[in-house]
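Structure first, commentary second.
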Amino acid sequence: MNCAIDASVFVAAVRLEEEYYTASRGFLQQARVEAVTVFCPTLVLPECAAAIARPTDDVALVRELIALIEGFPGLHLVALELPLAHRAAQIAMTYHLRGADSVYVAVAEAFNATLITWDAEMLRRSSAIVPTLTPTEWVERWPLGG
């Protein structure tokens, strides 16, 4: 199975204060065990770094998160080359998604992947293009070993 994992999931998995901390960690653990193939735009790295550094100024946590992402089994980081950027722009324009969100959707579409995110707007607006699930929904649909 192919998944595109949004930054919201990775960020929630390393901050105890996040509402979806436990669910995000559980999802990532299960994705590891199930050997899911993951596609993320390279944008995930600065997006996650900013999401941690801006509110916390915790450089060690940022480094931990970047290492978690880069070391995630089955991860393929996808560069934002011009054709993908054009498709993301078209998705942003058509579905009124934020720019970064449209890049994740374009990556999910390009690799026939299910988009995994906590972002309610992204879940709603991108479902016309790619399958979309929260980490909790994914775990419910694909129980460990199922």
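Naming scheme: A, B, ... for chains in displayed order of the structure tokens; residues 1 onward per chain; ligands 1 onward as shown.
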
Name the residues of stretch 1-122 of chain A that come out as alpha helix (DSSP H) in a backbone DSSP run; write them as an mmCIF file with N, CA and C atoms, in the first residue's frame.
```cif
data_model
loop_
_atom_site.group_PDB
_atom_site.id
_atom_site.type_symbol
_atom_site.label_atom_id
_atom_site.label_comp_id
_atom_site.auth_asym_id
_atom_site.auth_seq_id
_atom_site.Cartn_x
_atom_site.Cartn_y
_atom_site.Cartn_z
ATOM 1 N N ALA A 7 2.589 16.577 6.849
ATOM 2 C CA ALA A 7 3.411 17.054 7.964
ATOM 3 C C ALA A 7 2.647 17.045 9.284
ATOM 4 N N SER A 8 1.340 17.276 9.246
ATOM 5 C CA SER A 8 0.555 17.321 10.481
ATOM 6 C C SER A 8 0.685 16.030 11.290
ATOM 7 N N VAL A 9 0.833 14.917 10.620
ATOM 8 C CA VAL A 9 0.942 13.626 11.297
ATOM 9 C C VAL A 9 2.307 13.498 11.971
ATOM 10 N N PHE A 10 3.364 13.844 11.242
ATOM 11 C CA PHE A 10 4.709 13.762 11.818
ATOM 12 C C PHE A 10 4.864 14.719 13.003
ATOM 13 N N VAL A 11 4.347 15.932 12.858
ATOM 14 C CA VAL A 11 4.458 16.924 13.932
ATOM 15 C C VAL A 11 3.717 16.444 15.176
ATOM 16 N N ALA A 12 2.512 15.948 14.993
ATOM 17 C CA ALA A 12 1.728 15.471 16.134
ATOM 18 C C ALA A 12 2.407 14.298 16.828
ATOM 19 N N ALA A 13 3.182 13.522 16.087
ATOM 20 C CA ALA A 13 3.820 12.330 16.650
ATOM 21 C C ALA A 13 5.000 12.629 17.568
ATOM 22 N N VAL A 14 5.505 13.869 17.559
ATOM 23 C CA VAL A 14 6.667 14.178 18.410
ATOM 24 C C VAL A 14 6.381 15.203 19.495
ATOM 25 N N TYR A 21 -1.293 13.209 19.382
ATOM 26 C CA TYR A 21 0.020 12.613 19.645
ATOM 27 C C TYR A 21 -0.041 11.077 19.648
ATOM 28 N N THR A 22 -0.882 10.505 20.473
ATOM 29 C CA THR A 22 -0.946 9.055 20.618
ATOM 30 C C THR A 22 -1.390 8.382 19.326
ATOM 31 N N ALA A 23 -2.409 8.916 18.695
ATOM 32 C CA ALA A 23 -2.913 8.332 17.448
ATOM 33 C C ALA A 23 -1.868 8.422 16.330
ATOM 34 N N SER A 24 -1.132 9.528 16.278
ATOM 35 C CA SER A 24 -0.100 9.690 15.248
ATOM 36 C C SER A 24 1.027 8.696 15.457
ATOM 37 N N ARG A 25 1.464 8.539 16.687
ATOM 38 C CA ARG A 25 2.536 7.574 16.981
ATOM 39 C C ARG A 25 2.079 6.150 16.660
ATOM 40 N N GLY A 26 0.857 5.838 17.011
ATOM 41 C CA GLY A 26 0.325 4.510 16.714
ATOM 42 C C GLY A 26 0.254 4.244 15.221
ATOM 43 N N PHE A 27 -0.204 5.233 14.478
ATOM 44 C CA PHE A 27 -0.265 5.093 13.023
ATOM 45 C C PHE A 27 1.123 4.875 12.432
ATOM 46 N N LEU A 28 2.084 5.714 12.825
ATOM 47 C CA LEU A 28 3.441 5.594 12.269
ATOM 48 C C LEU A 28 4.063 4.245 12.630
ATOM 49 N N GLN A 29 3.824 3.770 13.845
ATOM 50 C CA GLN A 29 4.340 2.460 14.240
ATOM 51 C C GLN A 29 3.720 1.363 13.381
ATOM 52 N N GLN A 30 2.419 1.434 13.179
ATOM 53 C CA GLN A 30 1.752 0.412 12.375
ATOM 54 C C GLN A 30 2.201 0.485 10.921
ATOM 55 N N ALA A 31 2.389 1.684 10.391
ATOM 56 C CA ALA A 31 2.869 1.834 9.015
ATOM 57 C C ALA A 31 4.256 1.205 8.864
ATOM 58 N N ARG A 32 5.088 1.330 9.905
ATOM 59 C CA ARG A 32 6.414 0.676 9.897
ATOM 60 C C ARG A 32 6.281 -0.844 9.849
ATOM 61 N N VAL A 33 5.459 -1.369 10.747
ATOM 62 C CA VAL A 33 5.284 -2.814 10.856
ATOM 63 C C VAL A 33 4.711 -3.395 9.560
ATOM 64 N N VAL A 44 8.176 18.414 3.191
ATOM 65 C CA VAL A 44 7.848 17.937 4.529
ATOM 66 C C VAL A 44 8.932 18.316 5.542
ATOM 67 N N LEU A 45 10.182 18.370 5.094
ATOM 68 C CA LEU A 45 11.269 18.667 6.033
ATOM 69 C C LEU A 45 11.210 20.103 6.558
ATOM 70 N N PRO A 46 11.204 21.145 5.697
ATOM 71 C CA PRO A 46 11.112 22.492 6.260
ATOM 72 C C PRO A 46 9.760 22.782 6.905
ATOM 73 N N GLU A 47 8.709 22.156 6.388
ATOM 74 C CA GLU A 47 7.388 22.388 6.972
ATOM 75 C C GLU A 47 7.337 21.855 8.411
ATOM 76 N N CYS A 48 7.867 20.662 8.637
ATOM 77 C CA CYS A 48 7.901 20.097 9.988
ATOM 78 C C CYS A 48 8.855 20.870 10.889
ATOM 79 N N ALA A 49 10.003 21.254 10.351
ATOM 80 C CA ALA A 49 10.965 22.027 11.143
ATOM 81 C C ALA A 49 10.331 23.322 11.635
ATOM 82 N N ALA A 50 9.630 24.010 10.755
ATOM 83 C CA ALA A 50 8.987 25.267 11.134
ATOM 84 C C ALA A 50 7.864 25.046 12.146
ATOM 85 N N ALA A 51 7.104 23.975 11.961
ATOM 86 C CA ALA A 51 5.979 23.694 12.851
ATOM 87 C C ALA A 51 6.428 23.409 14.280
ATOM 88 N N ILE A 52 7.656 22.932 14.443
ATOM 89 C CA ILE A 52 8.195 22.683 15.784
ATOM 90 C C ILE A 52 8.988 23.892 16.294
ATOM 91 N N ALA A 53 9.875 24.418 15.461
ATOM 92 C CA ALA A 53 10.778 25.488 15.895
ATOM 93 C C ALA A 53 10.046 26.781 16.230
ATOM 94 N N ARG A 54 9.059 27.146 15.440
ATOM 95 C CA ARG A 54 8.381 28.424 15.677
ATOM 96 C C ARG A 54 7.724 28.498 17.045
ATOM 97 N N PRO A 55 6.907 27.509 17.439
ATOM 98 C CA PRO A 55 6.262 27.639 18.751
ATOM 99 C C PRO A 55 7.130 27.213 19.929
ATOM 100 N N THR A 56 8.165 26.389 19.693
ATOM 101 C CA THR A 56 8.899 25.827 20.831
ATOM 102 C C THR A 56 10.344 26.286 20.937
ATOM 103 N N VAL A 59 15.353 23.127 19.181
ATOM 104 C CA VAL A 59 16.171 22.651 18.071
ATOM 105 C C VAL A 59 16.386 21.139 18.159
ATOM 106 N N ALA A 60 16.544 20.615 19.358
ATOM 107 C CA ALA A 60 16.742 19.167 19.525
ATOM 108 C C ALA A 60 15.517 18.394 19.029
ATOM 109 N N LEU A 61 14.330 18.903 19.327
ATOM 110 C CA LEU A 61 13.108 18.235 18.869
ATOM 111 C C LEU A 61 12.990 18.314 17.352
ATOM 112 N N VAL A 62 13.370 19.439 16.777
ATOM 113 C CA VAL A 62 13.366 19.567 15.312
ATOM 114 C C VAL A 62 14.293 18.521 14.699
ATOM 115 N N ARG A 63 15.482 18.401 15.249
ATOM 116 C CA ARG A 63 16.440 17.409 14.726
ATOM 117 C C ARG A 63 15.894 15.993 14.864
ATOM 118 N N GLU A 64 15.255 15.712 15.993
ATOM 119 C CA GLU A 64 14.655 14.395 16.217
ATOM 120 C C GLU A 64 13.584 14.102 15.168
ATOM 121 N N LEU A 65 12.755 15.094 14.887
ATOM 122 C CA LEU A 65 11.686 14.913 13.911
ATOM 123 C C LEU A 65 12.244 14.715 12.505
ATOM 124 N N ILE A 66 13.231 15.509 12.121
ATOM 125 C CA ILE A 66 13.836 15.358 10.789
ATOM 126 C C ILE A 66 14.467 13.966 10.664
ATOM 127 N N ALA A 67 15.138 13.508 11.710
ATOM 128 C CA ALA A 67 15.737 12.168 11.690
ATOM 129 C C ALA A 67 14.660 11.087 11.592
ATOM 130 N N LEU A 68 13.549 11.275 12.291
ATOM 131 C CA LEU A 68 12.437 10.327 12.229
ATOM 132 C C LEU A 68 11.922 10.221 10.799
ATOM 133 N N ILE A 69 11.725 11.370 10.161
ATOM 134 C CA ILE A 69 11.197 11.379 8.793
ATOM 135 C C ILE A 69 12.204 10.747 7.835
ATOM 136 N N GLU A 70 13.432 11.235 7.870
ATOM 137 C CA GLU A 70 14.429 10.738 6.917
ATOM 138 C C GLU A 70 14.751 9.263 7.126
ATOM 139 N N LEU A 82 9.232 20.817 -11.834
ATOM 140 C CA LEU A 82 8.245 21.659 -12.524
ATOM 141 C C LEU A 82 6.936 20.949 -12.865
ATOM 142 N N PRO A 83 6.928 19.737 -13.425
ATOM 143 C CA PRO A 83 5.632 19.099 -13.718
ATOM 144 C C PRO A 83 4.769 18.887 -12.468
ATOM 145 N N LEU A 84 5.400 18.471 -11.371
ATOM 146 C CA LEU A 84 4.664 18.285 -10.123
ATOM 147 C C LEU A 84 4.182 19.629 -9.577
ATOM 148 N N ALA A 85 5.003 20.649 -9.696
ATOM 149 C CA ALA A 85 4.614 21.998 -9.257
ATOM 150 C C ALA A 85 3.425 22.504 -10.069
ATOM 151 N N HIS A 86 3.421 22.252 -11.350
ATOM 152 C CA HIS A 86 2.284 22.662 -12.195
ATOM 153 C C HIS A 86 1.013 21.937 -11.777
ATOM 154 N N ARG A 87 1.131 20.642 -11.515
ATOM 155 C CA ARG A 87 -0.046 19.881 -11.083
ATOM 156 C C ARG A 87 -0.533 20.379 -9.725
ATOM 157 N N ALA A 88 0.387 20.656 -8.813
ATOM 158 C CA ALA A 88 -0.001 21.186 -7.501
ATOM 159 C C ALA A 88 -0.701 22.533 -7.647
ATOM 160 N N ALA A 89 -0.216 23.366 -8.546
ATOM 161 C CA ALA A 89 -0.854 24.669 -8.780
ATOM 162 C C ALA A 89 -2.268 24.486 -9.319
ATOM 163 N N GLN A 90 -2.432 23.532 -10.215
ATOM 164 C CA GLN A 90 -3.763 23.261 -10.765
ATOM 165 C C GLN A 90 -4.702 22.761 -9.667
ATOM 166 N N ILE A 91 -4.189 21.889 -8.803
ATOM 167 C CA ILE A 91 -4.991 21.375 -7.691
ATOM 168 C C ILE A 91 -5.361 22.510 -6.733
ATOM 169 N N ALA A 92 -4.406 23.371 -6.416
ATOM 170 C CA ALA A 92 -4.672 24.504 -5.514
ATOM 171 C C ALA A 92 -5.756 25.404 -6.083
ATOM 172 N N MET A 93 -5.654 25.660 -7.385
ATOM 173 C CA MET A 93 -6.602 26.550 -8.047
ATOM 174 C C MET A 93 -7.999 25.926 -8.104
ATOM 175 N N THR A 94 -8.067 24.669 -8.459
ATOM 176 C CA THR A 94 -9.351 24.001 -8.660
ATOM 177 C C THR A 94 -10.059 23.681 -7.346
ATOM 178 N N TYR A 95 -9.295 23.243 -6.355
ATOM 179 C CA TYR A 95 -9.891 22.762 -5.110
ATOM 180 C C TYR A 95 -9.705 23.708 -3.934
ATOM 181 N N GLY A 99 -1.172 26.216 -0.711
ATOM 182 C CA GLY A 99 -0.097 25.796 -1.601
ATOM 183 C C GLY A 99 0.612 24.538 -1.151
ATOM 184 N N ALA A 100 1.058 24.504 0.094
ATOM 185 C CA ALA A 100 1.770 23.319 0.591
ATOM 186 C C ALA A 100 0.861 22.095 0.556
ATOM 187 N N ASP A 101 -0.393 22.270 0.925
ATOM 188 C CA ASP A 101 -1.330 21.141 0.912
ATOM 189 C C ASP A 101 -1.496 20.575 -0.495
ATOM 190 N N SER A 102 -1.543 21.451 -1.483
ATOM 191 C CA SER A 102 -1.710 20.985 -2.862
ATOM 192 C C SER A 102 -0.515 20.155 -3.324
ATOM 193 N N VAL A 103 0.661 20.420 -2.774
ATOM 194 C CA VAL A 103 1.848 19.639 -3.126
ATOM 195 C C VAL A 103 1.709 18.212 -2.592
ATOM 196 N N TYR A 104 1.240 18.045 -1.367
ATOM 197 C CA TYR A 104 1.018 16.701 -0.819
ATOM 198 C C TYR A 104 -0.007 15.938 -1.647
ATOM 199 N N VAL A 105 -1.067 16.622 -2.060
ATOM 200 C CA VAL A 105 -2.104 15.980 -2.868
ATOM 201 C C VAL A 105 -1.531 15.563 -4.223
ATOM 202 N N ALA A 106 -0.742 16.425 -4.839
ATOM 203 C CA ALA A 106 -0.130 16.098 -6.129
ATOM 204 C C ALA A 106 0.804 14.893 -6.002
ATOM 205 N N VAL A 107 1.542 14.816 -4.906
ATOM 206 C CA VAL A 107 2.420 13.665 -4.670
ATOM 207 C C VAL A 107 1.580 12.401 -4.489
ATOM 208 N N ALA A 108 0.526 12.488 -3.691
ATOM 209 C CA ALA A 108 -0.347 11.323 -3.486
ATOM 210 C C ALA A 108 -0.930 10.852 -4.817
ATOM 211 N N GLU A 109 -1.363 11.784 -5.622
ATOM 212 C CA GLU A 109 -1.935 11.439 -6.925
ATOM 213 C C GLU A 109 -0.882 10.789 -7.830
ATOM 214 N N ALA A 110 0.298 11.369 -7.876
ATOM 215 C CA ALA A 110 1.361 10.870 -8.759
ATOM 216 C C ALA A 110 1.779 9.445 -8.416
ATOM 217 N N ALA A 120 -8.485 18.937 8.449
ATOM 218 C CA ALA A 120 -9.876 18.711 8.041
ATOM 219 C C ALA A 120 -10.167 19.285 6.656
ATOM 220 N N GLU A 121 -9.655 20.463 6.367
ATOM 221 C CA GLU A 121 -9.879 21.067 5.053
ATOM 222 C C GLU A 121 -9.234 20.221 3.957
ATOM 223 N N MET A 122 -8.037 19.774 4.209
ATOM 224 C CA MET A 122 -7.322 18.935 3.249
ATOM 225 C C MET A 122 -8.069 17.614 3.026
#
```

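With only C-alpha atoms as the atoms that count, the minimum distance from A:Leu133 to the choices A:Ala79, A:Leu115, A:Asp58, A:Asp6 is reached by A:Leu115.
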
| request: Could you find all residues in chain A that DSSP calls strand (DSSP E) from the backbone, and write them as a ChimeraX atom specification? | output: /A:2-5,37-41,75-78,114-116,132-133

| Distance of atom CA of A:Arg15 from atom CA of A:Thr114, expressed in Å to one decimal place | 24.1 Å

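The nearest approach to A:Phe72 among the residues A:Trp142, A:Ile5, A:Ser126, A:Tyr20, with only C-alpha atoms taken into account, belongs to A:Ile5.
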